[in-house]
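Heads up: the structure comes next, in structure tokens.
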Amino acid sequence: PRSDGLIFFHHLIMCFCHYPIINHAGATLAGGGDAPFSTWLSVVGYTSEVSTCLMNYRWYLLQTLEADWVGFAIVNILVVISWSYRIGLFAYLLLWEIIPRTPQYVETKQLLTYTIMFSGHAIIGALSVYWLQLMCKGGIKGLLTFRKKKSRQLGGTGGFSFGDDIGREVQDEKVEHNLIRQGIDEVKGYVDGTLFQSSSKRKAS
């Protein structure tokens, strides 16, 4: 994606938190002396990325569908379930796996690795809550109904914005509402004559 700092920040944190696991010594430090724990934590954390496959397919449908399709609603439901799992997973890891091991990290003097581990899980969990809330902003109708959107490119170079595509149903509703309001105002102006008066003033000026 382009022009999306949050998703870049998210992946940067993921890389920073998981890279020590590729080496046994790094895994031992990251686990506060317990290499199997940090390896397990990394593997379990990566299961949250199952939502990425669904998000990619959802984005493909947003770009290619021409009309509403029941499969779009099913994919969106699965996306919401996967993101809910993601939020629950990070809450569980923080409250029942990471925080109870605080004394172990203090004893082994690995406070830096503990801080990185704790902060990484907390930040990714918070971003997941934000993105799920953004996705559900349009309500049930927005999740279950597809409405074709005029395609646009970012900066004339192609690509897409993760944040924009997540919340596109809400944006579409706002644009549609503004167009309806503009149409109503023009009709009122036509009826009471103010539309022609404003046009005459613009020509005179």
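Following the order of the structure tokens, first chain is A, next is B, and so on, with residues numbered from 1 inside each chain and ligands from 1 in the order they appear.
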Please, which residues in region 78-147 of chain A fall within 9 Å of region 42-50 of chain A when counting only C-alpha atoms, and what is the closest atom pair and distance in Å to one decimal for each, ordered by chain then residue number, as JSON lines?
{"residue": "A:Ser82", "atom": "CA", "partner": "A:Val50", "partner_atom": "CA", "distance": 7.2}
{"residue": "A:Trp83", "atom": "CA", "partner": "A:Ser48", "partner_atom": "CA", "distance": 7.9}
{"residue": "A:Tyr85", "atom": "CA", "partner": "A:Ser48", "partner_atom": "CA", "distance": 7.4}
{"residue": "A:Arg86", "atom": "CA", "partner": "A:Ser48", "partner_atom": "CA", "distance": 5.1}
{"residue": "A:Ile87", "atom": "CA", "partner": "A:Ser48", "partner_atom": "CA", "distance": 8.7}
{"residue": "A:Leu89", "atom": "CA", "partner": "A:Ser48", "partner_atom": "CA", "distance": 7.6}
{"residue": "A:Phe90", "atom": "CA", "partner": "A:Gly45", "partner_atom": "CA", "distance": 7.7}
{"residue": "A:Leu93", "atom": "CA", "partner": "A:Gly45", "partner_atom": "CA", "distance": 8.6}
{"residue": "A:His121", "atom": "CA", "partner": "A:Gly45", "partner_atom": "CA", "distance": 8.7}
Tell me which protein, DNA and RNA residues are within 12 Å of Leu12 (chain A), counting only C-alpha atoms, leaving out same-chain ones fewer than 6 positions away, and put them as a list of chain:residue names.
A:Gly5, A:Leu6, A:His18, A:Tyr19, A:Gly120, A:Ile123, A:Ile124
Taking only C-alpha atoms into account, name the residue in A:Thr145, A:Ser38, A:Thr52, A:Gln110 that is nearest to Trp69 (chain A).
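Of A:Thr145, A:Ser38, A:Thr52, A:Gln110, the one nearest Trp69 (chain A) is A:Thr145, counting only C-alpha atoms.
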Atom-to-atom span, CA of Thr108 (chain A) and CA of Ala91 (chain A), Å:
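A separation of 24.7 Å between them.
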Leu61 (chain A): which residues within 12 Å, counting only C-alpha atoms, same-chain residues fewer than 5 positions away excluded, as a list of chain:residue names?
A:Leu54, A:Met55, A:Asn56, A:Glu66, A:Ala67, A:Asp68, A:Trp69, A:Val70, A:Gly71, A:Phe72, A:Ala73, A:Ile74, A:Val75, A:Asn76, A:Phe146, A:Arg147, A:Lys148, A:Lys149, A:Asp165
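Here CA of Gln63 (chain A) is placed at a distance of 27.9 Å from CA of Ala126 (chain A).
Distance check against Cys15 (chain A) using only C-alpha atoms: of A:Leu95, A:Met117, A:Arg101, A:Pro36, the minimum falls on A:Met117.
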Given only C-alpha atoms as the basis, pick out the residue of A:Leu143, A:Ser119, A:Asp34, A:Val129 nearest to Ile99 (chain A).
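Of A:Leu143, A:Ser119, A:Asp34, A:Val129, the one nearest Ile99 (chain A), counting only C-alpha atoms, is A:Ser119.
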